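protein_9.pdb (PDB, C-alpha atoms, pLDDT in the B column)
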```pdb
ATOM      1  CA  MET A   1     -19.790 -12.581  23.270  1.00 47.00           C
ATOM      2  CA  ALA A   2     -16.081 -12.488  24.087  1.00 53.00           C
ATOM      3  CA  ARG A   3     -14.095  -9.655  22.601  1.00 56.00           C
ATOM      4  CA  LYS A   4     -10.877 -10.396  20.786  1.00 56.00           C
ATOM      5  CA  LYS A   5      -7.745  -9.556  22.770  1.00 61.00           C
ATOM      6  CA  LYS A   6      -5.312  -7.082  21.325  1.00 82.00           C
ATOM      7  CA  GLY A   7      -1.651  -8.012  21.022  1.00 82.00           C
ATOM      8  CA  LEU A   8      -0.454  -5.999  24.010  1.00 83.00           C
ATOM      9  CA  GLU A   9      -3.219  -7.387  26.259  1.00 87.00           C
ATOM     10  CA  GLU A  10      -2.371 -10.925  25.217  1.00 86.00           C
ATOM     11  CA  PHE A  11       1.339 -10.303  25.842  1.00 86.00           C
ATOM     12  CA  ILE A  12       0.722  -8.907  29.335  1.00 88.00           C
ATOM     13  CA  SER A  13      -1.669 -11.747  30.138  1.00 87.00           C
ATOM     14  CA  GLY A  14       0.961 -14.290  29.031  1.00 87.00           C
ATOM     15  CA  LEU A  15       3.634 -12.578  31.137  1.00 86.00           C
ATOM     16  CA  SER A  16       1.414 -12.669  34.216  1.00 89.00           C
ATOM     17  CA  MET A  17       0.813 -16.408  33.675  1.00 89.00           C
ATOM     18  CA  ILE A  18       4.572 -16.941  33.374  1.00 88.00           C
ATOM     19  CA  PHE A  19       5.057 -15.268  36.745  1.00 89.00           C
ATOM     20  CA  VAL A  20       2.220 -17.188  38.418  1.00 89.00           C
ATOM     21  CA  PHE A  21       3.134 -20.645  37.106  1.00 88.00           C
ATOM     22  CA  GLY A  22       6.861 -19.906  37.378  1.00 87.00           C
ATOM     23  CA  PHE A  23       6.404 -19.049  41.056  1.00 87.00           C
ATOM     24  CA  LEU A  24       4.343 -22.202  41.585  1.00 87.00           C
ATOM     25  CA  TYR A  25       6.911 -24.327  39.716  1.00 85.00           C
ATOM     26  CA  PHE A  26       9.984 -23.078  41.568  1.00 85.00           C
ATOM     27  CA  PHE A  27       8.675 -22.328  45.065  1.00 85.00           C
ATOM     28  CA  VAL A  28       5.443 -24.229  45.790  1.00 86.00           C
ATOM     29  CA  PHE A  29       5.624 -27.533  43.950  1.00 83.00           C
ATOM     30  CA  HIS A  30       9.432 -27.736  44.110  1.00 81.00           C
ATOM     31  CA  ARG A  31      10.037 -28.178  40.401  1.00 78.00           C
ATOM     32  CA  ALA A  32       7.336 -30.715  39.699  1.00 83.00           C
ATOM     33  CA  TRP A  33       7.608 -31.594  35.998  1.00 84.00           C
ATOM     34  CA  TRP A  34       3.869 -31.385  35.356  1.00 85.00           C
ATOM     35  CA  MET A  35       3.887 -27.635  36.227  1.00 81.00           C
ATOM     36  CA  LEU A  36       5.850 -27.006  33.037  1.00 84.00           C
ATOM     37  CA  PHE A  37       2.733 -27.626  30.908  1.00 85.00           C
ATOM     38  CA  PRO A  38       0.662 -24.709  32.280  1.00 85.00           C
ATOM     39  CA  LEU A  39       3.818 -22.565  32.337  1.00 83.00           C
ATOM     40  CA  VAL A  40       4.383 -23.170  28.632  1.00 87.00           C
ATOM     41  CA  PHE A  41       0.780 -23.332  27.342  1.00 86.00           C
ATOM     42  CA  ALA A  42      -0.786 -20.642  29.539  1.00 86.00           C
ATOM     43  CA  GLY A  43       2.236 -18.365  29.820  1.00 87.00           C
ATOM     44  CA  ILE A  44       5.075 -18.594  27.334  1.00 87.00           C
ATOM     45  CA  LEU A  45       3.130 -19.351  24.132  1.00 88.00           C
ATOM     46  CA  PRO A  46       0.447 -16.647  24.663  1.00 87.00           C
ATOM     47  CA  ALA A  47       3.148 -14.120  25.603  1.00 88.00           C
ATOM     48  CA  VAL A  48       5.126 -14.806  22.425  1.00 88.00           C
ATOM     49  CA  GLN A  49       1.976 -14.782  20.273  1.00 88.00           C
ATOM     50  CA  GLY A  50       0.811 -11.526  21.885  1.00 87.00           C
ATOM     51  CA  PHE A  51       4.193  -9.920  21.373  1.00 87.00           C
ATOM     52  CA  LEU A  52       4.220 -10.855  17.673  1.00 88.00           C
ATOM     53  CA  ARG A  53       0.635  -9.625  17.229  1.00 87.00           C
ATOM     54  CA  TYR A  54       1.510  -6.350  18.986  1.00 85.00           C
ATOM     55  CA  ILE A  55       4.485  -5.801  16.655  1.00 84.00           C
ATOM     56  CA  GLY A  56       2.237  -6.472  13.629  1.00 81.00           C
ATOM     57  CA  GLU A  57      -0.434  -4.059  14.895  1.00 78.00           C
ATOM     58  CA  ARG A  58       2.171  -1.372  15.538  1.00 73.00           C
ATOM     59  CA  ASP A  59       3.649  -1.753  12.046  1.00 70.00           C
ATOM     60  CA  SER A  60       0.237  -1.566  10.389  1.00 67.00           C
ATOM     61  CA  ARG A  61      -0.582   1.656  12.271  1.00 62.00           C
ATOM     62  CA  GLN A  62       2.668   3.276  11.119  1.00 59.00           C
ATOM     63  CA  ARG A  63       1.992   2.783   7.401  1.00 58.00           C
ATOM     64  CA  ILE A  64       0.639   6.022   5.945  1.00 47.00           C
ATOM     65  CA  PRO A  65      -0.537   6.153   2.327  1.00 52.00           C
ATOM     66  CA  GLU A  66       1.051   8.817   0.111  1.00 52.00           C
ATOM     67  CA  ASN A  67      -0.813  11.798  -1.319  1.00 51.00           C
ATOM     68  CA  ASN A  68      -3.428  10.056  -3.468  1.00 48.00           C
ATOM     69  CA  LYS A  69      -0.850   8.830  -5.973  1.00 48.00           C
ATOM     70  CA  PRO A  70      -2.102   5.940  -8.112  1.00 46.00           C
ATOM     71  CA  ARG A  71       0.583   3.563  -6.871  1.00 50.00           C
ATOM     72  CA  SER A  72      -1.319   0.368  -7.414  1.00 52.00           C
ATOM     73  CA  PRO A  73       0.513  -2.349  -9.294  1.00 58.00           C
ATOM     74  CA  GLY A  74      -2.538  -2.601 -11.520  1.00 71.00           C
ATOM     75  CA  ASP A  75      -2.951  -2.192 -15.237  1.00 86.00           C
ATOM     76  CA  PRO A  76      -0.587   0.519 -16.558  1.00 89.00           C
ATOM     77  CA  GLU A  77      -3.228   1.776 -18.991  1.00 90.00           C
ATOM     78  CA  LYS A  78      -5.685   2.387 -16.149  1.00 90.00           C
ATOM     79  CA  ILE A  79      -3.013   4.200 -14.160  1.00 89.00           C
ATOM     80  CA  ILE A  80      -2.330   6.472 -17.141  1.00 91.00           C
ATOM     81  CA  LEU A  81      -6.025   7.062 -17.825  1.00 90.00           C
ATOM     82  CA  ARG A  82      -6.717   8.006 -14.205  1.00 90.00           C
ATOM     83  CA  LEU A  83      -3.777  10.383 -14.278  1.00 90.00           C
ATOM     84  CA  ALA A  84      -4.931  11.888 -17.598  1.00 90.00           C
ATOM     85  CA  ARG A  85      -8.370  12.507 -16.114  1.00 90.00           C
ATOM     86  CA  LYS A  86      -6.787  14.083 -13.023  1.00 90.00           C
ATOM     87  CA  LEU A  87      -4.541  16.331 -15.181  1.00 89.00           C
ATOM     88  CA  GLU A  88      -7.336  17.348 -17.585  1.00 87.00           C
ATOM     89  CA  GLY A  89      -6.219  15.223 -20.506  1.00 89.00           C
ATOM     90  CA  ARG A  90      -2.532  16.184 -20.813  1.00 91.00           C
ATOM     91  CA  VAL A  91       0.239  13.822 -19.705  1.00 93.00           C
ATOM     92  CA  THR A  92       3.901  13.227 -20.399  1.00 92.00           C
ATOM     93  CA  PRO A  93       5.922  10.082 -19.721  1.00 92.00           C
ATOM     94  CA  ALA A  94       7.802  11.927 -16.970  1.00 91.00           C
ATOM     95  CA  LEU A  95       4.555  12.936 -15.221  1.00 91.00           C
ATOM     96  CA  VAL A  96       3.291   9.362 -15.389  1.00 91.00           C
ATOM     97  CA  ALA A  97       6.572   8.098 -13.941  1.00 89.00           C
ATOM     98  CA  ILE A  98       6.469  10.610 -11.083  1.00 90.00           C
ATOM     99  CA  GLU A  99       2.857   9.890 -10.193  1.00 87.00           C
ATOM    100  CA  SER A 100       3.047   6.087 -10.426  1.00 86.00           C
ATOM    101  CA  ASP A 101       5.400   3.148 -10.047  1.00 86.00           C
ATOM    102  CA  LEU A 102       5.978   2.982 -13.801  1.00 88.00           C
ATOM    103  CA  SER A 103       9.378   3.831 -15.224  1.00 89.00           C
ATOM    104  CA  ILE A 104       9.641   6.541 -17.871  1.00 91.00           C
ATOM    105  CA  GLU A 105      10.409   3.877 -20.469  1.00 92.00           C
ATOM    106  CA  LYS A 106       7.364   1.775 -19.515  1.00 91.00           C
ATOM    107  CA  ALA A 107       5.116   4.873 -19.425  1.00 91.00           C
ATOM    108  CA  GLU A 108       6.333   5.926 -22.880  1.00 92.00           C
ATOM    109  CA  GLU A 109       5.814   2.398 -24.214  1.00 92.00           C
ATOM    110  CA  VAL A 110       2.235   2.260 -22.930  1.00 92.00           C
ATOM    111  CA  LEU A 111       1.480   5.777 -24.215  1.00 93.00           C
ATOM    112  CA  GLN A 112       2.881   4.906 -27.664  1.00 94.00           C
ATOM    113  CA  ASN A 113       0.701   1.793 -27.691  1.00 93.00           C
ATOM    114  CA  LEU A 114      -2.344   3.957 -26.884  1.00 93.00           C
ATOM    115  CA  VAL A 115      -1.416   6.281 -29.777  1.00 93.00           C
ATOM    116  CA  LYS A 116      -1.135   3.338 -32.193  1.00 94.00           C
ATOM    117  CA  ARG A 117      -4.557   2.096 -31.098  1.00 92.00           C
ATOM    118  CA  GLY A 118      -6.091   5.582 -31.511  1.00 91.00           C
ATOM    119  CA  PHE A 119      -6.944   6.322 -27.881  1.00 90.00           C
ATOM    120  CA  THR A 120      -4.692   9.374 -27.566  1.00 92.00           C
ATOM    121  CA  SER A 121      -2.744  11.770 -29.736  1.00 92.00           C
ATOM    122  CA  MET A 122       0.843  12.870 -29.383  1.00 92.00           C
ATOM    123  CA  GLU A 123       2.463  16.219 -30.026  1.00 91.00           C
ATOM    124  CA  VAL A 124       6.061  17.372 -29.776  1.00 89.00           C
ATOM    125  CA  ARG A 125       6.337  20.860 -28.323  1.00 88.00           C
ATOM    126  CA  ASP A 126       8.856  23.482 -29.480  1.00 88.00           C
ATOM    127  CA  ASN A 127      11.054  22.672 -26.481  1.00 88.00           C
ATOM    128  CA  GLY A 128      11.109  18.970 -27.437  1.00 85.00           C
ATOM    129  CA  THR A 129       8.672  17.779 -24.774  1.00 86.00           C
ATOM    130  CA  ILE A 130       6.390  14.992 -25.945  1.00 89.00           C
ATOM    131  CA  GLU A 131       2.857  15.534 -24.698  1.00 93.00           C
ATOM    132  CA  TYR A 132      -0.039  13.117 -24.999  1.00 94.00           C
ATOM    133  CA  PHE A 133      -3.624  14.358 -25.233  1.00 91.00           C
ATOM    134  CA  PHE A 134      -6.699  12.417 -24.231  1.00 91.00           C
ATOM    135  CA  GLU A 135      -9.484  14.308 -25.985  1.00 90.00           C
ATOM    136  CA  GLU A 136     -12.255  13.089 -23.705  1.00 89.00           C
ATOM    137  CA  PHE A 137     -10.531  14.510 -20.620  1.00 86.00           C
ATOM    138  CA  LEU A 138      -9.599  17.914 -22.126  1.00 84.00           C
ATOM    139  CA  PRO A 139     -11.609  20.885 -20.884  1.00 84.00           C
ATOM    140  CA  PRO A 140     -14.016  22.270 -23.531  1.00 80.00           C
ATOM    141  CA  SER A 141     -12.114  25.567 -23.946  1.00 70.00           C
ATOM    142  CA  THR A 142      -8.737  23.996 -24.731  1.00 55.00           C
ATOM    143  CA  ASP A 143      -7.174  25.377 -27.923  1.00 57.00           C
ATOM    144  CA  ARG A 144      -4.468  23.305 -29.482  1.00 55.00           C
ATOM    145  CA  PRO A 145      -3.498  22.551 -33.088  1.00 52.00           C
ATOM    146  CA  GLY A 146      -5.631  19.922 -34.724  1.00 51.00           C
ATOM    147  CA  LEU A 147      -8.501  20.267 -32.269  1.00 46.00           C
ATOM    148  CA  LEU A 148     -11.732  21.361 -33.863  1.00 45.00           C
ATOM    149  CA  ASN A 149     -13.608  23.891 -31.751  1.00 43.00           C
ATOM    150  CA  SER A 150     -17.341  23.926 -32.093  1.00 41.00           C
TER     151      SER A 150
END
```
Would you give me this structure, written as structure tokens?
Amino acid sequence: MARKKKGLEEFISGLSMIFVFGFLYFFVFHRAWWMLFPLVFAGILPAVQGFLRYIGERDSRQRIPENNKPRSPGDPEKIILRLARKLEGRVTPALVAIESDLSIEKAEEVLQNLVKRGFTSMEVRDNGTIEYFFEEFLPPSTDRPGLLNS
């Protein structure tokens, strides 16, 4: 079974064919027109294709994912729920915006929608911060107004 050539190998192989068929074209066959076909198809095209593949491979190796931030362009509700689970049930629109691609306005809109549908509760702190609580993600020992402790 033949192994697939990497971009750099294909580029170097194409360059070597350019030199071989270029030498034959200019010095041995004295510019015979039919020598252009192997020069182009065995040398120039593979060299260009290998170079482009090498650039693509290099770019894909340089991409490094950020620190486990839920940056998927997926459903905003799922992004908020994952973040709420990660932060033990307490989120703010600003935290959601920092940890995702959502704007503060979009995060607040989605959180308000979750409040209206009964999936979370909202409280305004003394300092004016709006905090959203997801009861199912809160630790058992959390004391906050309105939460019944058993």
What do you get, as a list in words, if you spell out every residue that the PyMOL selection byres ((chain A and resi 108) around 12) selects here?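 Taken on the displayed file, the PyMOL selection byres ((chain A and resi 108) around 12) yields the residues Pro76, Glu77, Ile80, Val91, Thr92, Pro93, Ala94, Leu95, Val96, Ala97, Leu102, Ser103, Ile104, Glu105, Lys106, Ala107, Glu109, Val110, Leu111, Gln112, Asn113, Leu114, Val115, Met122, Ile130, Glu131 and Tyr132 of chain A.
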Write a file of the just-selected residues containing C-alpha atoms, as a short mmCIF file (atom, residue, chain, number, x, y, z; two decimals), in the frame of the given file.
```cif
data_model
loop_
_atom_site.label_atom_id
_atom_site.label_comp_id
_atom_site.auth_asym_id
_atom_site.auth_seq_id
_atom_site.Cartn_x
_atom_site.Cartn_y
_atom_site.Cartn_z
CA PRO A 76 -0.59 0.52 -16.56
CA GLU A 77 -3.23 1.78 -18.99
CA ILE A 80 -2.33 6.47 -17.14
CA VAL A 91 0.24 13.82 -19.70
CA THR A 92 3.90 13.23 -20.40
CA PRO A 93 5.92 10.08 -19.72
CA ALA A 94 7.80 11.93 -16.97
CA LEU A 95 4.56 12.94 -15.22
CA VAL A 96 3.29 9.36 -15.39
CA ALA A 97 6.57 8.10 -13.94
CA LEU A 102 5.98 2.98 -13.80
CA SER A 103 9.38 3.83 -15.22
CA ILE A 104 9.64 6.54 -17.87
CA GLU A 105 10.41 3.88 -20.47
CA LYS A 106 7.36 1.78 -19.52
CA ALA A 107 5.12 4.87 -19.42
CA GLU A 109 5.81 2.40 -24.21
CA VAL A 110 2.24 2.26 -22.93
CA LEU A 111 1.48 5.78 -24.22
CA GLN A 112 2.88 4.91 -27.66
CA ASN A 113 0.70 1.79 -27.69
CA LEU A 114 -2.34 3.96 -26.88
CA VAL A 115 -1.42 6.28 -29.78
CA MET A 122 0.84 12.87 -29.38
CA ILE A 130 6.39 14.99 -25.94
CA GLU A 131 2.86 15.53 -24.70
CA TYR A 132 -0.04 13.12 -25.00
#
```
Hey, what's within 10 Å of Lys6 of chain A if we count all atoms listed in the file and toss same-chain stuff fewer than 6 positions away? As an MDAnalysis selection string, please? chainID A and resid 50:51 53:54 57
Of the candidates A:Leu81, A:Gly7, A:Phe37, A:Met17, which shows the shortest atom-to-atom distance to Gln49 of chain A, using only C-alpha atoms?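 Ranked by minimum distance to Gln49 of chain A, first place goes to A:Gly7.
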Between atom CA of Glu88 of chain A and atom CA of Glu135 of chain A, what is the distance, to one decimal in Å?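 The value is 9.2 Å.
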Taking all atoms listed in the file into account, which of A:Leu15, A:Phe26, A:Thr120, A:Leu138 comes nearest Val40 of chain A?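 For Val40 of chain A, the nearest of the candidates is A:Leu15.
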With the PyMOL selection byres ((chain A and resi 42) around 9) as the selection, what would be picked from this file? Answer as an NGL selection string, please. :A and (13-14 or 17-18 or 21 or 37-41 or 43-47)
What gap, in Å, lies between atom CA of Leu83 of chain A and atom CA of Ser100 of chain A?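 Atom CA of Ser100 of chain A lies at a distance of 8.9 Å from atom CA of Leu83 of chain A.
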Correct to one decimal, the distance atom CA of Gly128 of chain A-atom CA of Ile79 of chain A is 24.4 Å
